[in-house]
Amino acid sequence: EARWPMAGAVLAAIALTLLLPDDLRLGPSWVLPVLEGVLLVTLIVGDPGAISRRSRELRAVGITLVAVLGLSAMVATGLLIDSLITGGPETESAGDLLEAGAVVWTSNIIAFALLYWELDGGGAAARAHDPLDHPDFAFPQQLNPHISSPGWRPRFIDYLYLGFTNATAFSPTDAMPLAPWAKIAMTVQAVISLALLGLVVARAVNVFS
């Protein structure tokens with residue numbers, strides 16, 4: 001699997017972090033983007049091009065990167081929800097509120113997509129070398145090999161689509177979670193997305209009216 005789709009998603013998450021209002025960030029505005037950038041560069045240098053190197057160190061770096069992105073998205077989510085409940089600067093303008101909500105919502109999708117991608121089957125390198133007979137997620141191509149090319153493996157785009165559909169449908173669509181951690185993660189993402197969309201849209205409608 002090529003590295004660039006995952007790297008592009010991380011860069012997009014970093015850009016979204018920079019777009020957040022100051023009161024929705026964790027610490028100074030430069031800390032998390034710099035940390036995430038350093039971790040991403042470490043992964044690229046350690047395993048450039050196609051993801052094929054199996055290394056405990058690289059896997060630890062990858063999990064740390066996902067954890068930092070997830071923490072950033074969760075903190076922004078909590079701060080935005082608190083702002084919606086108690087009344088914050090974003091809640092006075094429908095445009096500012098919708099923009100902040102879209103940034104936080106998209107950040108969560110990317111963070112959870114990276115989480116699914118990094119943990120399913122031990123990560124991209126492990127899936128390439130030793131495909132599991134009992135994966136953490138069951139994609140249609142795995143359930144019915146006749147609709148896929150020989151040797152098909154899920155790639156980052158499949159997990160990004162999984163993250164997006166779970167955030168919009170609040171439930172599995174094409175890929176089914178099989179492992180307990182996958183079910184818990186998808187439940188948490190669905191609850192976050194439901195809370196964000198419900199509160200943001202309701203408050204925006206109230207501001208408009």
# chains A, B, ... in the order shown; residues from 1 in each chain; ligands from 1
>>> select_by_dssp(residues="segment 27-124 of chain A", states="helix (DSSP H, G or I)", output="count of residues only")
81
>>> residues_around(residues="Ala179 of chain A", least_positions_apart="3", cutoff="10 Å", atoms="only C-alpha atoms", output="PyMOL selection string")
chain A and resi 120+134-138+176+182-184
>>> residues_around(residues="Met186 of chain A", least_positions_apart="5", cutoff="9 Å", atoms="only C-alpha atoms", output="PyMOL selection string")
chain A and resi 112+163+166-167+170-172+177+181+191
>>> closest_residue(among="A:Leu97, A:Leu11, A:Ala102, A:Leu80", to="Leu65 of chain A", atoms="only C-alpha atoms")
A:Leu11
>>> closest_residue(among="A:Ile44, A:Ala125, A:Ile81, A:Leu114", to="Ala195 of chain A", atoms="only C-alpha atoms")
A:Ile81
>>> residues_around(residues="Trp30 of chain A", least_positions_apart="2", cutoff="12 Å", atoms="only C-alpha atoms", output="mmCIF file with C-alpha atoms, in the first residue's frame")
data_model
loop_
_atom_site.group_PDB
_atom_site.id
_atom_site.type_symbol
_atom_site.label_atom_id
_atom_site.label_comp_id
_atom_site.auth_asym_id
_atom_site.auth_seq_id
_atom_site.Cartn_x
_atom_site.Cartn_y
_atom_site.Cartn_z
ATOM 1 C CA ILE A 14 -3.014 19.198 10.571
ATOM 2 C CA ALA A 15 -4.497 21.876 8.313
ATOM 3 C CA THR A 17 -6.237 21.897 13.409
ATOM 4 C CA LEU A 18 -4.839 25.226 12.259
ATOM 5 C CA LEU A 19 -8.334 26.316 11.173
ATOM 6 C CA LEU A 20 -9.821 25.734 14.609
ATOM 7 C CA ASP A 22 -8.256 29.361 19.581
ATOM 8 C CA ARG A 25 -7.491 24.013 20.542
ATOM 9 C CA LEU A 26 -5.462 22.045 23.061
ATOM 10 C CA GLY A 27 -2.568 24.314 24.098
ATOM 11 C CA PRO A 28 -0.696 26.701 21.767
ATOM 12 C CA LEU A 32 0.014 19.626 17.967
ATOM 13 C CA PRO A 33 0.730 20.384 14.276
ATOM 14 C CA VAL A 34 4.478 20.272 14.952
ATOM 15 C CA LEU A 35 4.215 17.033 16.937
ATOM 16 C CA GLU A 36 2.016 15.414 14.288
ATOM 17 C CA GLY A 37 4.365 16.591 11.533
#
>>> closest_residue(among="A:Ala7, A:Leu79, A:Ala67, A:Leu160", to="Thr106 of chain A", atoms="only C-alpha atoms")
A:Leu160
>>> select_by_dssp(residues="chain A", states="strand (DSSP E)", output="compact mmCIF listing (two decimals) with N, CA and C atoms, in the first residue's frame")
# COMPACT_ATOMS: atom_id res chain seq x y z
N PHE A 137 -12.36 -6.15 10.65
CA PHE A 137 -13.45 -5.62 9.85
C PHE A 137 -13.69 -6.56 8.66
N ALA A 138 -14.94 -6.78 8.33
CA ALA A 138 -15.28 -7.61 7.17
C ALA A 138 -15.79 -6.71 6.05
N MET A 176 -18.40 -4.43 8.12
CA MET A 176 -18.96 -4.81 9.42
C MET A 176 -17.86 -4.99 10.45
N PRO A 177 -18.00 -4.36 11.62
CA PRO A 177 -17.01 -4.57 12.69
C PRO A 177 -17.20 -5.95 13.31
>>> closest_residue(among="A:Leu194, A:Leu119, A:Ala9, A:Ala128", to="Leu40 of chain A", atoms="only C-alpha atoms")
A:Ala9
>>> closest_residue(among="A:Ser107, A:Thr187, A:Asn206, A:Thr168", to="Ala12 of chain A", atoms="only C-alpha atoms")
A:Ser107
>>> closest_residue(among="A:Asp130, A:Thr91, A:Glu118, A:Leu84", to="Gly151 of chain A", atoms="only C-alpha atoms")
A:Asp130
>>> residues_around(residues="Leu16 of chain A", least_positions_apart="6", cutoff="12 Å", atoms="only C-alpha atoms", output="PyMOL selection string")
chain A and resi 9-10+24-25+29+32-33+69+72-73+76+99-111
>>> atom_distance(atom1="atom CA of Tyr161 of chain A", atom2="atom CA of Ala175 of chain A")
9.4 Å
